[in-house]
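start-v8.tsv (TSV, C-alpha atoms) appears below.
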```
chain	number	residue	atom	x	y	z
C	1	MET	CA	-71.78	-67.62	-75.13
C	2	ALA	CA	-74.65	-65.55	-73.99
C	3	ASP	CA	-72.35	-62.60	-73.77
C	4	GLU	CA	-71.35	-62.92	-77.38
C	5	THR	CA	-74.88	-62.89	-78.63
C	6	LEU	CA	-75.59	-59.96	-76.44
C	7	ASP	CA	-72.60	-58.15	-77.78
C	8	ASP	CA	-73.78	-58.73	-81.29
C	9	LYS	CA	-77.06	-57.20	-80.44
C	10	LYS	CA	-75.31	-54.31	-78.81
C	11	GLU	CA	-73.55	-53.47	-82.01
C	12	GLU	CA	-76.63	-53.66	-84.12
C	13	VAL	CA	-78.93	-51.64	-81.96
C	14	PRO	CA	-77.50	-48.17	-82.49
C	15	GLU	CA	-77.62	-48.43	-86.24
C	16	ILE	CA	-81.03	-49.83	-86.80
C	17	ALA	CA	-83.72	-47.37	-86.03
C	18	SER	CA	-86.84	-49.36	-86.52
C	19	PHE	CA	-87.01	-53.06	-87.13
C	20	ASP	CA	-84.34	-55.40	-85.94
C	21	PRO	CA	-85.11	-58.94	-86.99
C	22	THR	CA	-82.93	-60.41	-84.32
C	23	LYS	CA	-85.25	-59.01	-81.76
C	24	LYS	CA	-88.45	-60.16	-83.23
C	25	LYS	CA	-89.81	-61.46	-79.98
C	26	LYS	CA	-89.86	-58.01	-78.57
C	27	LYS	CA	-93.24	-56.56	-79.10
C	28	LYS	CA	-92.47	-52.89	-78.80
C	29	LYS	CA	-89.90	-50.83	-80.57
C	30	VAL	CA	-87.88	-49.78	-77.60
C	31	ALA	CA	-84.77	-49.79	-79.77
C	32	ILE	CA	-85.82	-46.65	-81.56
C	33	ILE	CA	-85.64	-44.22	-78.74
C	34	ASP	CA	-83.27	-45.92	-76.42
C	35	PRO	CA	-79.78	-45.62	-77.71
C	36	ALA	CA	-78.82	-47.52	-74.64
C	37	ASP	CA	-78.00	-51.08	-75.29
C	38	ASP	CA	-78.33	-52.62	-71.91
C	39	PRO	CA	-81.98	-52.05	-71.34
C	40	VAL	CA	-82.74	-53.35	-74.77
C	41	ASP	CA	-80.77	-56.46	-74.15
C	42	ASN	CA	-82.38	-56.83	-70.80
C	43	LEU	CA	-85.70	-56.64	-72.52
C	44	ALA	CA	-84.67	-59.19	-75.05
C	45	GLU	CA	-83.73	-61.50	-72.29
C	46	LYS	CA	-87.01	-60.95	-70.59
C	47	THR	CA	-89.05	-61.61	-73.66
C	48	GLU	CA	-87.36	-64.87	-74.14
C	49	ASN	CA	-88.26	-65.80	-70.63
C	50	LEU	CA	-91.87	-64.85	-71.03
C	51	SER	CA	-94.09	-66.90	-73.24
C	52	VAL	CA	-95.23	-65.35	-76.46
C	53	SER	CA	-98.82	-65.96	-75.69
C	54	ASP	CA	-98.76	-63.44	-72.88
C	55	GLY	CA	-100.99	-60.51	-73.28
C	56	PHE	CA	-99.57	-57.27	-74.46
C	57	GLU	CA	-99.73	-55.69	-71.08
C	58	THR	CA	-98.23	-58.52	-69.17
C	59	SER	CA	-95.22	-58.60	-71.40
C	60	PHE	CA	-94.86	-54.91	-70.83
C	61	ALA	CA	-95.24	-55.32	-67.15
C	62	GLY	CA	-92.45	-57.76	-67.03
C	63	LEU	CA	-90.22	-55.74	-69.28
C	64	LYS	CA	-90.85	-52.40	-67.81
C	65	LYS	CA	-88.68	-52.80	-64.81
C	66	LYS	CA	-85.67	-53.61	-66.88
C	67	LYS	CA	-86.12	-50.84	-69.34
C	68	LYS	CA	-83.85	-48.20	-67.96
C	69	LYS	CA	-81.43	-45.61	-69.19
C	70	PRO	CA	-77.83	-46.71	-69.85
C	71	VAL	CA	-76.13	-48.39	-66.97
C	72	GLU	CA	-72.75	-49.99	-66.68
C	73	THR	CA	-71.91	-53.34	-68.10
C	74	SER	CA	-72.08	-54.84	-64.65
C	75	ASN	CA	-75.79	-55.04	-65.21
C	76	PHE	CA	-75.27	-57.85	-67.59
C	77	THR	CA	-74.71	-60.06	-64.65
C	78	ASP	CA	-77.80	-58.81	-62.96
C	79	GLU	CA	-80.20	-59.65	-65.74
C	80	GLY	CA	-81.41	-62.78	-64.19
C	81	GLY	CA	-81.57	-61.10	-60.83
C	82	ASP	CA	-84.33	-59.27	-59.11
C	83	ALA	CA	-85.95	-56.38	-60.77
C	84	ALA	CA	-86.05	-54.52	-57.53
C	85	GLU	CA	-82.30	-54.51	-57.22
C	86	ASP	CA	-81.98	-53.17	-60.70
C	87	LEU	CA	-84.38	-50.42	-59.93
C	88	ASP	CA	-82.30	-49.36	-56.98
C	89	ASP	CA	-79.15	-49.46	-59.02
C	90	HIS	CA	-80.68	-47.50	-61.80
C	91	SER	CA	-82.39	-44.86	-59.81
C	92	GLY	CA	-79.19	-43.21	-58.80
C	93	GLU	CA	-77.69	-43.13	-62.26
C	94	ASP	CA	-80.83	-42.46	-64.18
C	95	GLU	CA	-81.39	-39.01	-62.90
C	96	GLY	CA	-78.32	-37.68	-64.54
C	97	GLU	CA	-78.55	-39.54	-67.78
C	98	GLY	CA	-82.28	-39.70	-68.16
C	99	ASP	CA	-82.67	-36.06	-68.95
C	100	ALA	CA	-79.95	-36.14	-71.47
C	101	LEU	CA	-81.58	-38.91	-73.43
C	102	ALA	CA	-85.25	-39.29	-74.08
C	103	PRO	CA	-87.99	-37.28	-72.44
C	104	HIS	CA	-88.85	-38.42	-68.96
C	105	TYR	CA	-91.53	-41.00	-69.13
C	106	PRO	CA	-94.36	-40.68	-66.68
C	107	TRP	CA	-94.36	-44.33	-65.79
C	108	GLU	CA	-90.82	-44.46	-64.55
C	109	GLY	CA	-90.07	-44.89	-60.95
C	110	SER	CA	-93.30	-46.67	-60.32
C	111	ASP	CA	-94.59	-50.08	-60.94
C	112	ARG	CA	-97.63	-49.36	-63.01
C	113	ASP	CA	-98.48	-50.35	-66.52
C	114	TYR	CA	-98.33	-48.05	-69.46
C	115	LEU	CA	-101.42	-46.09	-70.19
C	116	TYR	CA	-102.75	-46.07	-73.70
C	117	GLU	CA	-102.49	-42.31	-73.89
C	118	GLU	CA	-98.86	-42.41	-72.89
C	119	LEU	CA	-98.07	-44.93	-75.53
C	120	ILE	CA	-99.88	-43.00	-78.20
C	121	GLY	CA	-98.08	-39.85	-77.17
C	122	ARG	CA	-94.80	-41.65	-77.44
C	123	VAL	CA	-95.61	-42.99	-80.87
C	124	PHE	CA	-96.43	-39.55	-82.11
C	125	ASP	CA	-93.34	-38.00	-80.62
C	126	ILE	CA	-91.18	-40.52	-82.36
C	127	LEU	CA	-93.10	-40.03	-85.57
C	128	ARG	CA	-92.71	-36.32	-85.35
C	129	GLU	CA	-88.99	-36.59	-84.82
C	130	ASN	CA	-88.30	-38.88	-87.70
C	131	ASN	CA	-90.96	-38.04	-90.22
C	132	PRO	CA	-92.44	-34.68	-89.41
C	133	ASP	CA	-94.64	-34.50	-92.45
C	134	LEU	CA	-96.32	-37.75	-91.73
C	135	ALA	CA	-97.47	-36.62	-88.34
C	136	GLY	CA	-99.52	-34.01	-90.10
C	137	ASP	CA	-100.93	-31.85	-87.35
C	138	ARG	CA	-100.21	-28.57	-88.96
C	139	ARG	CA	-103.22	-27.00	-90.49
C	140	ARG	CA	-102.90	-25.11	-93.68
C	141	THR	CA	-100.84	-22.07	-92.84
C	142	VAL	CA	-101.43	-20.22	-96.06
C	143	ILE	CA	-104.84	-18.71	-95.66
C	144	ARG	CA	-105.01	-15.33	-97.28
C	145	PRO	CA	-106.43	-12.60	-95.12
C	146	PRO	CA	-109.68	-11.19	-96.40
C	147	GLN	CA	-109.62	-7.66	-97.64
C	148	VAL	CA	-112.64	-5.57	-96.93
C	149	LEU	CA	-113.42	-2.07	-98.04
C	150	ARG	CA	-116.23	0.16	-97.14
C	151	GLU	CA	-118.49	1.24	-99.92
C	152	GLY	CA	-120.55	4.15	-98.82
C	153	THR	CA	-121.71	3.99	-95.26
C	154	LYS	CA	-123.86	0.95	-95.28
C	155	LYS	CA	-122.04	-1.52	-97.45
C	156	THR	CA	-118.93	-3.58	-97.09
C	157	VAL	CA	-117.01	-4.98	-100.01
C	158	PHE	CA	-115.10	-8.21	-99.72
C	159	VAL	CA	-112.37	-7.91	-102.31
C	160	ASN	CA	-110.59	-11.25	-102.15
C	161	PHE	CA	-113.72	-13.26	-102.36
C	162	MET	CA	-113.07	-15.01	-105.63
C	163	ASP	CA	-109.45	-15.72	-104.79
C	164	LEU	CA	-110.46	-17.30	-101.56
C	165	CYS	CA	-113.03	-19.47	-103.23
C	166	LYS	CA	-110.47	-20.67	-105.71
C	167	THR	CA	-107.90	-21.32	-103.02
C	168	MET	CA	-110.34	-23.42	-101.11
C	169	HIS	CA	-111.57	-25.17	-104.23
C	170	ARG	CA	-115.12	-24.27	-103.47
C	171	GLN	CA	-118.00	-22.92	-105.45
C	172	PRO	CA	-118.46	-19.21	-104.86
C	173	ASP	CA	-122.18	-19.74	-104.56
C	174	HIS	CA	-121.71	-22.05	-101.64
C	175	VAL	CA	-119.31	-19.77	-99.84
C	176	MET	CA	-121.50	-16.77	-100.48
C	177	ALA	CA	-124.55	-18.56	-99.16
C	178	PHE	CA	-122.70	-19.43	-95.99
C	179	LEU	CA	-121.39	-15.92	-95.48
C	180	LEU	CA	-124.74	-14.32	-95.94
C	181	ALA	CA	-126.48	-16.80	-93.71
C	182	GLU	CA	-123.96	-16.26	-90.95
C	183	LEU	CA	-123.88	-12.52	-91.22
C	184	GLY	CA	-127.63	-12.36	-91.39
C	185	THR	CA	-127.62	-9.78	-94.13
C	186	SER	CA	-128.09	-9.62	-97.81
C	187	GLY	CA	-125.43	-9.24	-100.42
C	188	SER	CA	-124.44	-10.01	-103.96
C	189	LEU	CA	-121.57	-10.34	-106.34
C	190	ASP	CA	-120.92	-7.22	-108.31
C	191	GLY	CA	-119.49	-6.90	-111.79
C	192	GLN	CA	-115.92	-7.34	-110.68
C	193	GLN	CA	-116.62	-10.54	-108.81
C	194	ARG	CA	-116.42	-8.85	-105.45
C	195	LEU	CA	-118.86	-9.63	-102.72
C	196	VAL	CA	-120.85	-6.65	-101.58
C	197	VAL	CA	-122.51	-7.14	-98.24
C	198	LYS	CA	-125.04	-4.88	-96.66
C	199	GLY	CA	-123.83	-3.59	-93.33
C	200	ARG	CA	-120.59	-2.60	-91.70
C	201	PHE	CA	-118.22	-5.41	-90.95
C	202	ALA	CA	-114.61	-5.56	-89.92
C	203	PRO	CA	-112.07	-7.92	-91.48
C	204	LYS	CA	-111.84	-9.74	-88.20
C	205	ASN	CA	-115.50	-10.68	-88.43
C	206	PHE	CA	-115.00	-12.07	-91.87
C	207	GLU	CA	-112.03	-14.04	-90.74
C	208	GLY	CA	-113.98	-15.66	-87.99
C	209	ILE	CA	-116.74	-16.69	-90.31
C	210	LEU	CA	-114.30	-17.95	-92.89
C	211	ARG	CA	-112.55	-19.97	-90.27
C	212	ARG	CA	-115.81	-21.58	-89.35
C	213	TYR	CA	-116.54	-22.30	-92.96
C	214	ILE	CA	-113.17	-23.91	-93.47
C	215	ASN	CA	-113.45	-26.03	-90.38
C	216	GLU	CA	-116.88	-27.19	-91.31
C	217	TYR	CA	-116.82	-27.48	-95.08
C	218	VAL	CA	-113.26	-27.62	-96.26
C	219	ILE	CA	-111.02	-29.47	-93.89
C	220	CYS	CA	-111.22	-33.22	-93.71
C	221	ILE	CA	-111.68	-34.40	-90.15
C	222	GLY	CA	-109.55	-37.46	-90.63
C	223	CYS	CA	-106.34	-36.05	-91.97
C	224	LYS	CA	-106.99	-32.35	-91.61
C	225	CYS	CA	-105.95	-31.65	-95.16
C	226	SER	CA	-107.60	-28.98	-97.19
C	227	GLU	CA	-107.75	-30.82	-100.48
C	228	THR	CA	-111.35	-31.77	-100.46
C	229	ILE	CA	-114.19	-31.79	-102.92
C	230	LEU	CA	-117.76	-30.95	-102.18
C	231	THR	CA	-120.24	-32.97	-104.16
C	232	LYS	CA	-123.97	-33.14	-104.13
C	233	GLU	CA	-125.44	-36.59	-104.23
C	234	ASN	CA	-129.10	-37.27	-103.98
C	235	ARG	CA	-129.85	-34.04	-102.19
C	236	LEU	CA	-127.08	-34.47	-99.69
C	237	PHE	CA	-123.77	-32.71	-99.65
C	238	PHE	CA	-120.73	-34.88	-99.29
C	239	LEU	CA	-117.22	-33.82	-98.54
C	240	ARG	CA	-114.58	-36.08	-99.98
C	241	CYS	CA	-110.92	-35.80	-99.06
C	242	GLU	CA	-108.34	-36.24	-101.76
C	243	LYS	CA	-105.54	-37.39	-99.55
C	244	CYS	CA	-107.10	-39.94	-97.31
C	245	GLY	CA	-110.26	-40.60	-99.25
C	246	CYS	CA	-112.61	-40.23	-96.34
C	247	GLU	CA	-116.05	-39.00	-97.12
C	248	ARG	CA	-118.54	-37.42	-94.82
C	249	SER	CA	-121.82	-35.68	-95.20
C	250	VAL	CA	-122.16	-32.02	-94.40
C	251	ALA	CA	-125.26	-30.14	-93.52
C	252	PRO	CA	-126.76	-27.87	-96.14
C	253	ILE	CA	-126.61	-24.18	-95.48
C	254	LYS	CA	-129.83	-22.94	-94.03
C	255	ALA	CA	-130.44	-19.28	-93.66
C	256	GLY	CA	-132.25	-19.29	-90.37
C	257	PHE	CA	-134.44	-16.62	-88.99
C	258	VAL	CA	-133.81	-13.12	-90.25
C	259	ALA	CA	-135.53	-10.45	-88.28
C	260	ARG	CA	-137.00	-7.54	-90.04
C	261	VAL	CA	-134.74	-4.57	-89.75
C	262	GLY	CA	-134.85	-1.47	-91.79
C	263	ARG	CA	-137.82	0.21	-93.22
C	264	ARG	CA	-141.14	-1.44	-93.19
C	265	ASN	CA	-143.33	-0.75	-96.14
C	266	ALA	CA	-145.00	2.54	-95.49
C	267	GLY	CA	-148.55	2.09	-94.42
C	268	ALA	CA	-148.58	-1.67	-94.65
D	269	MET	CA	-144.98	-78.66	-81.56
D	270	SER	CA	-143.64	-77.63	-78.24
D	271	GLU	CA	-140.66	-76.16	-80.03
D	272	PHE	CA	-142.81	-73.38	-81.28
D	273	ASP	CA	-143.21	-72.13	-77.77
D	274	VAL	CA	-139.52	-71.92	-77.35
D	275	GLN	CA	-139.18	-69.82	-80.41
D	276	THR	CA	-141.91	-67.32	-79.75
D	277	PRO	CA	-140.30	-64.12	-78.66
D	278	THR	CA	-140.66	-62.93	-75.16
D	279	ALA	CA	-142.10	-59.57	-74.39
D	280	TYR	CA	-139.36	-57.50	-75.83
D	281	ASP	CA	-139.97	-54.08	-77.16
D	282	PRO	CA	-137.30	-53.38	-79.76
D	283	PHE	CA	-138.14	-49.71	-79.78
D	284	ALA	CA	-137.67	-49.26	-76.09
D	285	ASP	CA	-134.22	-47.85	-76.49
D	286	ALA	CA	-135.19	-45.50	-79.24
D	287	ASN	CA	-138.11	-44.14	-77.31
D	288	ALA	CA	-136.05	-43.69	-74.20
D	289	GLU	CA	-133.49	-41.71	-76.10
D	290	ASN	CA	-136.07	-39.47	-77.61
D	291	SER	CA	-137.64	-38.53	-74.36
D	292	GLY	CA	-134.37	-38.35	-72.50
D	293	ALA	CA	-132.30	-36.11	-74.63
D	294	GLY	CA	-135.13	-34.20	-76.11
D	295	THR	CA	-134.94	-33.58	-79.79
D	296	LYS	CA	-131.67	-33.21	-81.55
D	297	GLU	CA	-132.62	-29.76	-82.63
D	298	TYR	CA	-130.13	-27.05	-82.31
D	299	VAL	CA	-130.73	-23.72	-80.76
D	300	HIS	CA	-129.44	-21.07	-83.10
D	301	VAL	CA	-128.35	-17.75	-81.72
D	302	ARG	CA	-127.78	-15.18	-84.38
D	303	VAL	CA	-126.98	-11.52	-84.53
D	304	GLN	CA	-128.03	-8.94	-87.07
D	305	GLN	CA	-127.06	-5.38	-87.62
D	306	ARG	CA	-129.34	-2.45	-87.36
D	307	ASN	CA	-128.46	1.13	-88.10
D	308	GLY	CA	-125.44	2.62	-86.46
D	309	ARG	CA	-123.83	0.24	-84.04
D	310	LYS	CA	-127.07	-1.25	-82.90
D	311	SER	CA	-127.70	-4.92	-83.31
D	312	LEU	CA	-130.31	-7.53	-82.74
D	313	THR	CA	-129.99	-10.98	-81.25
D	314	THR	CA	-132.22	-13.80	-82.40
D	315	VAL	CA	-132.78	-17.08	-80.62
D	316	GLN	CA	-134.42	-19.79	-82.63
D	317	GLY	CA	-134.97	-23.46	-82.04
D	318	LEU	CA	-136.00	-23.74	-78.44
D	319	LYS	CA	-138.43	-26.46	-77.61
D	320	LYS	CA	-142.04	-25.68	-78.18
D	321	GLU	CA	-143.10	-26.76	-74.71
D	322	TYR	CA	-141.42	-23.85	-73.07
D	323	SER	CA	-143.27	-20.75	-72.15
D	324	TYR	CA	-141.58	-18.26	-74.33
D	325	SER	CA	-142.96	-15.26	-72.56
D	326	LYS	CA	-141.45	-16.39	-69.27
D	327	ILE	CA	-138.10	-17.05	-70.86
D	328	LEU	CA	-138.24	-13.69	-72.56
D	329	LYS	CA	-139.09	-11.91	-69.35
D	330	ASP	CA	-136.14	-13.49	-67.59
D	331	LEU	CA	-133.83	-12.66	-70.43
D	332	LYS	CA	-134.95	-9.07	-70.47
D	333	LYS	CA	-134.47	-8.69	-66.77
D	334	GLU	CA	-131.15	-10.41	-66.81
D	335	PHE	CA	-129.57	-8.45	-69.62
D	336	CYS	CA	-131.40	-5.18	-69.17
D	337	CYS	CA	-132.60	-5.08	-72.72
D	338	ASN	CA	-135.80	-5.14	-74.62
D	339	GLY	CA	-137.09	-8.09	-76.52
D	340	THR	CA	-140.05	-9.75	-78.10
D	341	VAL	CA	-141.31	-13.05	-79.32
D	342	VAL	CA	-141.93	-13.20	-83.03
D	343	GLN	CA	-144.06	-15.80	-84.70
D	344	ASP	CA	-142.53	-17.18	-87.81
D	345	PRO	CA	-144.69	-19.26	-90.12
D	346	GLU	CA	-142.15	-22.00	-90.53
D	347	LEU	CA	-139.66	-21.61	-87.75
D	348	GLY	CA	-142.08	-21.26	-84.93
D	349	GLN	CA	-141.47	-18.83	-82.15
D	350	VAL	CA	-138.32	-16.79	-82.19
D	351	ILE	CA	-136.97	-14.62	-79.44
D	352	GLN	CA	-135.56	-11.29	-80.43
D	353	LEU	CA	-133.43	-9.22	-78.12
D	354	GLN	CA	-131.89	-5.81	-78.49
D	355	GLY	CA	-128.15	-5.64	-78.62
D	356	ASP	CA	-125.52	-8.29	-79.18
D	357	GLN	CA	-126.41	-10.75	-76.48
D	358	ARG	CA	-125.13	-13.94	-78.01
D	359	LYS	CA	-122.73	-14.91	-75.28
D	360	ASN	CA	-125.11	-13.86	-72.57
D	361	VAL	CA	-127.90	-15.87	-74.08
D	362	SER	CA	-125.85	-19.01	-74.45
D	363	THR	CA	-124.61	-18.94	-70.88
D	364	PHE	CA	-128.08	-18.15	-69.62
D	365	LEU	CA	-129.69	-21.01	-71.48
D	366	ALA	CA	-127.04	-23.46	-70.43
D	367	GLN	CA	-127.27	-22.45	-66.79
D	368	ALA	CA	-131.02	-22.44	-66.67
D	369	GLY	CA	-131.09	-25.89	-68.18
D	370	ILE	CA	-133.24	-24.89	-71.07
D	371	ALA	CA	-130.79	-26.16	-73.59
D	372	LYS	CA	-127.59	-28.10	-73.42
D	373	LYS	CA	-124.37	-26.42	-74.29
D	374	GLU	CA	-123.80	-28.73	-77.23
D	375	GLN	CA	-127.14	-27.85	-78.72
D	376	ILE	CA	-126.50	-24.13	-78.80
D	377	LYS	CA	-124.97	-22.85	-81.98
D	378	ILE	CA	-123.77	-19.31	-82.24
D	379	HIS	CA	-123.71	-17.70	-85.64
D	380	GLY	CA	-122.61	-14.35	-86.87
D	381	PHE	CA	-119.66	-12.09	-86.51
```

Go ahead and render the structure in this file as structure tokens.
Amino acid sequence: MADETLDDKKEEVPEIASFDPTKKKKKKKVAIIDPADDPVDNLAEKTENLSVSDGFETSFAGLKKKKKKPVETSNFTDEGGDAAEDLDDHSGEDEGEGDALAPHYPWEGSDRDYLYEELIGRVFDILRENNPDLAGDRRRTVIRPPQVLREGTKKTVFVNFMDLCKTMHRQPDHVMAFLLAELGTSGSLDGQQRLVVKGRFAPKNFEGILRRYINEYVICIGCKCSETILTKENRLFFLRCEKCGCERSVAPIKAGFVARVGRRNAGA
Amino acid sequence: MSEFDVQTPTAYDPFADANAENSGAGTKEYVHVRVQQRNGRKSLTTVQGLKKEYSYSKILKDLKKEFCCNGTVVQDPELGQVIQLQGDQRKNVSTFLAQAGIAKKEQIKIHGF
């Protein structure tokens, strides 16, 4: 009788990726990554043995030994048996099959509990496999490179300035203030909406400063999305994210100390 | 009546923690290291935000000797004393300050290209 129920579970496991109601006592979703049936069934058996009130870790500790890569059906008979014996049986066969299946888990082969970092890593790996867009670690890849020209010998013209401001959904005044404060020079917007900066700067310099601006004032720290709005409330600047709705305050742009370079007033 | 005694607070200074933090970590001020351009390929490094208790002339002297450059201390009406060094010494300055213990690495902010 027990075998029949186990067989039923065996059939269902490969199809269902996430939630299998027949296995509701199991606290972790081992079924997702383990296409193997036996370890899952072993786990199911174990959970039934353990009381539900056990702590999260203790239920893991008990289950962990049984959770192995696919082994022959003879293991069915061994479920009630010692965990140590199973380990020995598995160790020989796991090496070959383990690599073929899921990535090698760092806790295998030893008796220790899962670490939180390992579990989180596992969750994210699974998430990335199944739903890559939900994992969301990719920053915005479409950042246009800034185009700079030299105007005369002492001035640099930033051509894409307005486009960049619009792409980032930011006020040009704000971006300009940041750029000038970071570069430590003076500059202005000319008639064609280009930013003219005093001094000689390479595009790479601009890129670095823009990157800093984006990291500080554009990207939301929670979800790393670039759809944010900068608002001014009560003399504080707030950055609100459109996607996740998180709001944080950002420091106002302060110019800092600007040393006196260039000509001093004659005679003064 | 004796209950009042039970309820009177013991000698507990609620600001003890706050004061300890202030004196321990110093202020939460940042040390800004900036660079400016002069004519040609010459540049100027500016260090602003160090604590007022320090002897700026001694720090300046060490910096000058260390990096083989010239420098001065400028008095700014609102920002206090600012160290100016010749050349682009941003990285040098940050490592120097962190090593000497004048400022923590998290407090140092580097600006500029």

Selection: 12 Å around Lys326 of chain D, all atoms listed in the file, excl. self and same-chain fewer than 5 positions, as a PyMOL selection string: chain D and resi 321+331-333+339-341+351+370

Interface, chain D side, toward chain C (6 Å; all atoms listed in the file) as a list in words: Gln304, His379, Gly380 and Phe381 of chain D

One-decimal distance in Å that lies between atom CA of Ile253 of chain C and atom CA of Leu236 of chain C: 11.1 Å

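Residues in contact with Glu297 of chain D at up to 10 Å, not including ones fewer than 2 positions away on its chain and judged by all atoms listed in the file, are Gly294, Thr295, Val299, His300, Gly317, Leu318, Lys319, Ala371, Gln375 and Ile376 of chain D.
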
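Distance-wise, atom CA of Gln354 of chain D and atom CA of Phe178 of chain C end up 24.0 Å apart.
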
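The closest residue to Asp330 of chain D, picked from D:Leu365, D:Lys359, D:Lys377, D:Lys372 and counting all atoms listed in the file, is D:Leu365.
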
Atom pair atom CA of Met176 of chain C / atom CA of Val250 of chain C: separation (Å): 16.4 Å

Which residue of D:Phe283, D:Leu328, D:Cys337, D:Leu312 approaches Arg358 of chain D most closely, using only C-alpha atoms: D:Leu312

Distance query 12 Å from (-102.7, -38.6, -99.0) using all atoms listed in the file, result as JSON, numbers by chain: {"C": [133, 134, 136, 220, 222, 223, 224, 225, 226, 227, 228, 241, 242, 243, 244, 245, 246]}

Can you tell me which residues surround Phe237 of chain C at a distance of at most 6 Å, considering all atoms listed in the file, apart from same-chain residues fewer than 5 positions away, and format the answer as an mmCIF file with C-alpha atoms, keeping the file's coordinate frame?
```cif
data_model
loop_
_atom_site.group_PDB
_atom_site.id
_atom_site.type_symbol
_atom_site.label_atom_id
_atom_site.label_comp_id
_atom_site.auth_asym_id
_atom_site.auth_seq_id
_atom_site.Cartn_x
_atom_site.Cartn_y
_atom_site.Cartn_z
ATOM 1 C CA THR C 231 -120.240 -32.970 -104.160
ATOM 2 C CA LYS C 232 -123.970 -33.140 -104.130
ATOM 3 C CA SER C 249 -121.820 -35.680 -95.200
ATOM 4 C CA VAL C 250 -122.160 -32.020 -94.400
#
```
